Amino acid sequence: SDSSPDALDHEQLRVVRGRRSGVVIAVAVHSTQAGPAIGGCRITSYSHWRDGLDDVVRLSRAMTEKAALAGLPHGGGKSVIMDADAVLDERDRLLVLEDLAEVITSLDGAYLTGPDIGSTPEDMEIIHGLTGGLAFCRPESGGGSGNSSTATARGVLAALDAAADHVFGTGADLRVGVIGYGSVGRLVADELAARGCAVTTGDLDGSRRAVAEAAGLTWSTEDLLGEEFDVLVPAAVGGLLSEERARTCRARLIVGPANNQLTHDGVGSTLHERGVTWVPDVVASAGGIIHAVCREELGLTEEETTRRITAIGATVTEILTDARESGTTPQTAARDLAARRRTAVPA
Ligand code: PHE
């Protein structure tokens, strides 16, 4: 079933060692039921290739739910480039993108890629050229919709505002912790600070500290999950909420753009039982794909696209209200809503 983390419920899983680069690449097509699978290309190092495989399997599955909840005519997919030593130089990078493009081309339109952690609009330009158009988010100068981070951050803020209304009544004077000050985290953190929230952030990359402090944020090298906040925003890599950490975390509301925040489904119940409201990442992180698909494929204006991104707030309200009324977790409510919206999407 959809929710079993052990079942391979995917349509396709390709694992190749790129013949040009020698780098291991995995592409997962979870579902094309609602339309071509969409999902970004992650370039990162894994301590073991099996971890990369796990990642692509889980991330692609989440994309199916994300697209359904966002009402987009797409299923979910994902690709990972396992940059073993995190040392891809410019030449190797081009080779590995060529290798990925070959896999994407062989999937014959079943999978459309986009940027994710470690990849850029410039990379998408290259893949778009090599695949005859199977990549979103090329630079605007090249006719694409550009970096998706701004749209993702806008969606996170819409989700956060709606969830804060639901949990606290009003969004005034929130103490917020933002885990990860990367491409999306920094936009969310800076905006919240500009609104007058007390924002603490931290990132494994210590060189980001100066920028954060200049924006008026408090920098912390502590584990923010263990600190007391009203709202915690996971904006780094996923898997930060394990069973154990869910039992000790001290935030009342968790909402952010990181994909696959829970190490497994049961963690959602633990958070729920402790009275911590968790907004499913598949809802909060959808701004990027909404923007890319609306602009590049559906031909909507920037204004209409923004409206669809901020509608994430209404989706969050619907999910949290459903969950409250039926005594289920937001996760279950989101899954039910995804199923309803999936059947509503024209094939
Ligand atoms: N990184 C984006 C996500 O996880 C993926 C994406 C964005 C894919 C834009 C396509 C277009 O949702």
# chains A, B, ... in the order shown; residues from 1 in each chain; ligands from 1

$ residues_near_ligand --ligand "ligand 1" --cutoff "8 Å" --atoms "only C-alpha atoms and all ligand atoms" --output "PyMOL selection string"
chain A and resi 38-42+59+63+66+112-117+135-137+148+152+259+285-293

$ write_last_selection --atoms "N, CA, C and O atoms" --output "short mmCIF file (atom, residue, chain, number, x, y, z; two decimals), in the first residue's frame"
data_model
loop_
_atom_site.label_atom_id
_atom_site.label_comp_id
_atom_site.auth_asym_id
_atom_site.auth_seq_id
_atom_site.Cartn_x
_atom_site.Cartn_y
_atom_site.Cartn_z
N ILE A 38 6.98 13.91 -11.58
CA ILE A 38 7.81 15.10 -11.45
C ILE A 38 8.57 15.02 -10.13
O ILE A 38 8.05 14.52 -9.14
N GLY A 39 9.80 15.48 -10.13
CA GLY A 39 10.58 15.49 -8.89
C GLY A 39 12.01 15.90 -9.17
O GLY A 39 12.55 15.61 -10.23
N GLY A 40 12.58 16.57 -8.23
CA GLY A 40 13.88 17.17 -8.42
C GLY A 40 15.04 16.17 -8.48
O GLY A 40 14.88 14.98 -8.24
N CYS A 41 16.19 16.71 -8.81
CA CYS A 41 17.44 15.95 -8.87
C CYS A 41 18.31 16.35 -7.69
O CYS A 41 18.73 17.49 -7.57
N ARG A 42 18.55 15.41 -6.80
CA ARG A 42 19.37 15.66 -5.63
C ARG A 42 20.80 15.22 -5.90
O ARG A 42 21.01 14.09 -6.32
N LEU A 59 11.62 9.72 -1.42
CA LEU A 59 11.38 11.07 -1.92
C LEU A 59 10.41 11.07 -3.11
O LEU A 59 9.57 11.94 -3.25
N MET A 63 6.65 12.75 -3.57
CA MET A 63 6.30 13.67 -4.66
C MET A 63 4.92 13.36 -5.25
O MET A 63 4.21 14.26 -5.69
N LYS A 66 2.60 14.96 -2.95
CA LYS A 66 2.76 16.42 -3.05
C LYS A 66 2.02 16.96 -4.27
O LYS A 66 1.29 17.95 -4.19
N LEU A 112 9.97 13.84 -15.25
CA LEU A 112 10.42 15.21 -15.50
C LEU A 112 11.19 15.68 -14.28
O LEU A 112 10.71 15.55 -13.16
N THR A 113 12.38 16.23 -14.50
CA THR A 113 13.18 16.61 -13.35
C THR A 113 13.11 18.11 -13.07
O THR A 113 12.46 18.88 -13.78
N GLY A 114 13.78 18.49 -12.01
CA GLY A 114 13.83 19.89 -11.58
C GLY A 114 14.94 19.99 -10.55
O GLY A 114 15.60 19.00 -10.25
N PRO A 115 15.15 21.18 -10.01
CA PRO A 115 16.24 21.32 -9.04
C PRO A 115 15.87 20.76 -7.66
O PRO A 115 14.70 20.63 -7.32
N ASP A 116 16.85 20.38 -6.92
CA ASP A 116 16.68 19.96 -5.53
C ASP A 116 18.01 20.26 -4.85
O ASP A 116 18.89 20.91 -5.43
N ILE A 117 18.17 19.78 -3.63
CA ILE A 117 19.43 20.01 -2.91
C ILE A 117 20.61 19.62 -3.79
O ILE A 117 20.66 18.52 -4.32
N ALA A 135 13.09 18.97 -18.25
CA ALA A 135 13.54 19.55 -16.97
C ALA A 135 12.88 20.90 -16.74
O ALA A 135 12.81 21.73 -17.65
N PHE A 136 12.42 21.11 -15.51
CA PHE A 136 11.84 22.40 -15.11
C PHE A 136 12.92 23.30 -14.51
O PHE A 136 13.99 22.83 -14.13
N CYS A 137 12.54 24.58 -14.39
CA CYS A 137 13.34 25.55 -13.63
C CYS A 137 14.68 25.91 -14.26
O CYS A 137 15.67 26.13 -13.55
N SER A 148 13.47 27.79 -7.91
CA SER A 148 12.17 27.56 -7.29
C SER A 148 12.13 27.92 -5.81
O SER A 148 11.09 27.83 -5.17
N THR A 152 8.98 28.18 -3.16
CA THR A 152 8.90 27.21 -2.06
C THR A 152 8.77 27.95 -0.73
O THR A 152 7.93 27.60 0.12
N ASN A 259 12.05 17.83 2.80
CA ASN A 259 11.29 16.66 2.35
C ASN A 259 11.54 15.48 3.29
O ASN A 259 12.65 15.31 3.80
N SER A 285 5.85 22.04 1.43
CA SER A 285 6.99 22.23 0.52
C SER A 285 6.60 22.33 -0.95
O SER A 285 7.46 22.31 -1.83
N ALA A 286 5.31 22.43 -1.23
CA ALA A 286 4.85 22.31 -2.63
C ALA A 286 5.00 23.57 -3.47
O ALA A 286 4.78 23.53 -4.69
N GLY A 287 5.38 24.69 -2.86
CA GLY A 287 5.44 25.95 -3.63
C GLY A 287 6.32 25.86 -4.86
O GLY A 287 5.99 26.43 -5.91
N GLY A 288 7.42 25.15 -4.77
CA GLY A 288 8.36 25.05 -5.89
C GLY A 288 7.77 24.36 -7.11
O GLY A 288 7.84 24.89 -8.22
N ILE A 289 7.16 23.19 -6.89
CA ILE A 289 6.59 22.51 -8.07
C ILE A 289 5.35 23.25 -8.58
O ILE A 289 5.12 23.28 -9.78
N ILE A 290 4.59 23.82 -7.68
CA ILE A 290 3.42 24.58 -8.15
C ILE A 290 3.88 25.69 -9.09
O ILE A 290 3.35 25.86 -10.19
N HIS A 291 4.90 26.43 -8.65
CA HIS A 291 5.40 27.53 -9.47
C HIS A 291 5.91 27.03 -10.82
O HIS A 291 5.55 27.56 -11.88
N ALA A 292 6.73 26.00 -10.78
CA ALA A 292 7.34 25.49 -12.02
C ALA A 292 6.27 25.00 -13.00
O ALA A 292 6.28 25.35 -14.19
N VAL A 293 5.33 24.21 -12.50
CA VAL A 293 4.31 23.63 -13.38
C VAL A 293 3.35 24.71 -13.89
O VAL A 293 3.01 24.75 -15.07
#

$ residues_around --residues "Val188 (chain A)" --least-positions-apart "4" --cutoff "7 Å" --atoms "only C-alpha atoms" --output "list in words"
Ala153, Leu157, Val184 and Leu192 of chain A

$ residues_around --residues "region 204-214 of chain A" --least-positions-apart "5" --cutoff "8 Å" --atoms "only C-alpha atoms" --output "MDAnalysis selection string"
chainID A and resid 180:181 186 190 219

$ closest_residue --among "A:Ala159, A:Ala37, A:Val199, A:Leu187" --to "Gly109 (chain A)" --atoms "only C-alpha atoms"
A:Ala37

$ closest_atom_pairs --of "region 125-244 of chain A" --to "region 264-276 of chain A" --cutoff "9 Å" --atoms "only C-alpha atoms" --output "Markdown table"
| residue | atom | partner | partner_atom | distance |
| --- | --- | --- | --- | --- |
| A:Gly239 | CA | A:His264 | CA | 8.3 |
| A:Leu241 | CA | A:Val267 | CA | 7.1 |
| A:Ser242 | CA | A:Val267 | CA | 6.4 |
| A:Glu243 | CA | A:Val267 | CA | 5.2 |
| A:Glu244 | CA | A:Val267 | CA | 8.7 |

$ closest_residue --among "A:Thr201, A:Asn260, A:Asn147, A:Gln331" --to "Met124 (chain A)" --atoms "only C-alpha atoms"
A:Asn147

$ select_by_dssp --residues "region 75-243 of chain A" --states "helix (DSSP H, G or I)" --output "ChimeraX atom specification"
/A:90-106,121-131,140-142,149-168,185-194,206-214,224-226,243

$ residues_around --residues "Val80 (chain A)" --least-positions-apart "3" --cutoff "7 Å" --atoms "only C-alpha atoms" --output "list in words"
Ile25, Ala26, Val27, Cys41, Arg42, Ile43, Gly52 and Val56 of chain A

$ write_last_selection --atoms "C-alpha atoms" --output "short mmCIF file (atom, residue, chain, number, x, y, z; two decimals), in the first residue's frame"
data_model
loop_
_atom_site.label_atom_id
_atom_site.label_comp_id
_atom_site.auth_asym_id
_atom_site.auth_seq_id
_atom_site.Cartn_x
_atom_site.Cartn_y
_atom_site.Cartn_z
CA ILE A 25 22.67 7.56 -10.34
CA ALA A 26 19.22 6.39 -9.24
CA VAL A 27 15.95 7.53 -10.77
CA CYS A 41 17.44 15.95 -8.87
CA ARG A 42 19.37 15.66 -5.63
CA ILE A 43 23.14 15.74 -5.83
CA GLY A 52 20.79 6.86 -1.68
CA VAL A 56 15.11 8.22 -3.91
#

$ closest_atom_pairs --of "region 85-169 of chain A" --to "region 301-322 of chain A" --cutoff "7 Å" --atoms "only C-alpha atoms" --output "Markdown table"
| residue | atom | partner | partner_atom | distance |
| --- | --- | --- | --- | --- |
| A:Gly155 | CA | A:Ile309 | CA | 5.5 |
| A:Ala158 | CA | A:Gly313 | CA | 4.7 |
| A:Ala159 | CA | A:Gly313 | CA | 4.6 |
| A:Ala162 | CA | A:Gly313 | CA | 5.1 |
| A:Ala163 | CA | A:Val316 | CA | 6.6 |

$ write_last_selection --atoms "C-alpha atoms" --output "PDB file, in the first residue's frame"
ATOM      1  CA  GLY A 155       4.410  28.273   0.204  1.00  0.00           C
ATOM      2  CA  ALA A 158       1.445  30.402   3.719  1.00  0.00           C
ATOM      3  CA  ALA A 159       1.469  27.011   5.473  1.00  0.00           C
ATOM      4  CA  ALA A 162      -2.440  29.034   8.449  1.00  0.00           C
ATOM      5  CA  ALA A 163      -1.060  26.532  10.949  1.00  0.00           C
TER       6      ALA A 163
END

$ residues_around --residues "Leu100 (chain A)" --least-positions-apart "3" --cutoff "12 Å" --atoms "only C-alpha atoms" --output "ChimeraX atom specification"
/A:14-27,41-43,78-82,93-97,103-107,111-113,123-124,126-128,130-131,134-135

$ atom_distance --atom1 "CA of Thr32 (chain A)" --atom2 "CA of Ala7 (chain A)"
17.5 Å

$ select_by_dssp --residues "region 147-325 of chain A" --states "strand (DSSP E or B)" --output "list in words"
Arg175, Val176, Gly177, Val178, Ile179, Ala198, Val199, Thr200, Thr201, Gly202, Thr218, Trp219, Val231, Leu232, Val233, Pro234, Leu241, Leu253, Ile254, Leu262, Thr277 and Trp278 of chain A

$ write_last_selection --atoms "N, CA and C atoms" --output "mmCIF file, in the first residue's frame"
data_model
loop_
_atom_site.group_PDB
_atom_site.id
_atom_site.type_symbol
_atom_site.label_atom_id
_atom_site.label_comp_id
_atom_site.auth_asym_id
_atom_site.auth_seq_id
_atom_site.Cartn_x
_atom_site.Cartn_y
_atom_site.Cartn_z
ATOM 1 N N ARG A 175 8.095 32.742 18.640
ATOM 2 C CA ARG A 175 9.518 32.392 18.698
ATOM 3 C C ARG A 175 9.722 31.236 17.728
ATOM 4 N N VAL A 176 10.569 31.454 16.757
ATOM 5 C CA VAL A 176 10.721 30.487 15.680
ATOM 6 C C VAL A 176 12.152 29.981 15.585
ATOM 7 N N GLY A 177 12.302 28.684 15.398
ATOM 8 C CA GLY A 177 13.608 28.094 15.130
ATOM 9 C C GLY A 177 13.620 27.570 13.708
ATOM 10 N N VAL A 178 14.591 27.976 12.922
ATOM 11 C CA VAL A 178 14.684 27.515 11.535
ATOM 12 C C VAL A 178 15.929 26.639 11.393
ATOM 13 N N ILE A 179 15.696 25.356 11.173
ATOM 14 C CA ILE A 179 16.805 24.402 11.074
ATOM 15 C C ILE A 179 17.300 24.358 9.641
ATOM 16 N N ALA A 198 10.993 36.515 16.760
ATOM 17 C CA ALA A 198 12.337 36.206 17.264
ATOM 18 C C ALA A 198 12.779 34.913 16.593
ATOM 19 N N VAL A 199 13.746 35.004 15.711
ATOM 20 C CA VAL A 199 14.138 33.852 14.911
ATOM 21 C C VAL A 199 15.551 33.393 15.238
ATOM 22 N N THR A 200 15.660 32.107 15.542
ATOM 23 C CA THR A 200 16.966 31.483 15.752
ATOM 24 C C THR A 200 17.206 30.515 14.608
ATOM 25 N N THR A 201 18.418 30.503 14.081
ATOM 26 C CA THR A 201 18.703 29.559 13.022
ATOM 27 C C THR A 201 20.094 28.958 13.209
ATOM 28 N N GLY A 202 20.361 27.923 12.447
ATOM 29 C CA GLY A 202 21.673 27.291 12.473
ATOM 30 C C GLY A 202 21.822 26.453 11.229
ATOM 31 N N THR A 218 19.279 35.162 15.344
ATOM 32 C CA THR A 218 20.193 34.603 16.329
ATOM 33 C C THR A 218 20.755 33.309 15.760
ATOM 34 N N TRP A 219 22.053 33.160 15.785
ATOM 35 C CA TRP A 219 22.688 31.949 15.249
ATOM 36 C C TRP A 219 22.935 30.975 16.391
ATOM 37 N N VAL A 231 7.342 27.679 17.057
ATOM 38 C CA VAL A 231 7.335 27.049 15.742
ATOM 39 C C VAL A 231 8.737 26.598 15.358
ATOM 40 N N LEU A 232 8.834 25.389 14.876
ATOM 41 C CA LEU A 232 10.099 24.870 14.374
ATOM 42 C C LEU A 232 9.948 24.667 12.867
ATOM 43 N N VAL A 233 10.924 25.161 12.116
ATOM 44 C CA VAL A 233 10.872 25.063 10.656
ATOM 45 C C VAL A 233 12.024 24.191 10.151
ATOM 46 N N PRO A 234 11.755 22.918 9.825
ATOM 47 C CA PRO A 234 12.827 22.077 9.278
ATOM 48 C C PRO A 234 13.106 22.480 7.835
ATOM 49 N N LEU A 241 13.216 13.988 12.277
ATOM 50 C CA LEU A 241 12.315 13.589 13.354
ATOM 51 C C LEU A 241 12.241 12.071 13.468
ATOM 52 N N LEU A 253 4.528 23.626 17.215
ATOM 53 C CA LEU A 253 4.140 23.516 15.807
ATOM 54 C C LEU A 253 5.399 23.282 14.976
ATOM 55 N N ILE A 254 5.331 22.323 14.063
ATOM 56 C CA ILE A 254 6.457 22.051 13.174
ATOM 57 C C ILE A 254 5.965 22.152 11.740
ATOM 58 N N LEU A 262 9.991 12.988 8.668
ATOM 59 C CA LEU A 262 9.860 11.899 9.652
ATOM 60 C C LEU A 262 10.679 10.691 9.201
ATOM 61 N N THR A 277 1.764 19.902 16.807
ATOM 62 C CA THR A 277 1.126 19.908 15.485
ATOM 63 C C THR A 277 2.196 19.873 14.408
ATOM 64 N N TRP A 278 2.137 18.821 13.578
ATOM 65 C CA TRP A 278 3.100 18.693 12.478
ATOM 66 C C TRP A 278 2.367 18.859 11.159
#

$ closest_residue --among "A:Ala236, A:Val167, A:Leu298, A:Ala323" --to "His74 (chain A)" --atoms "only C-alpha atoms"
A:Leu298
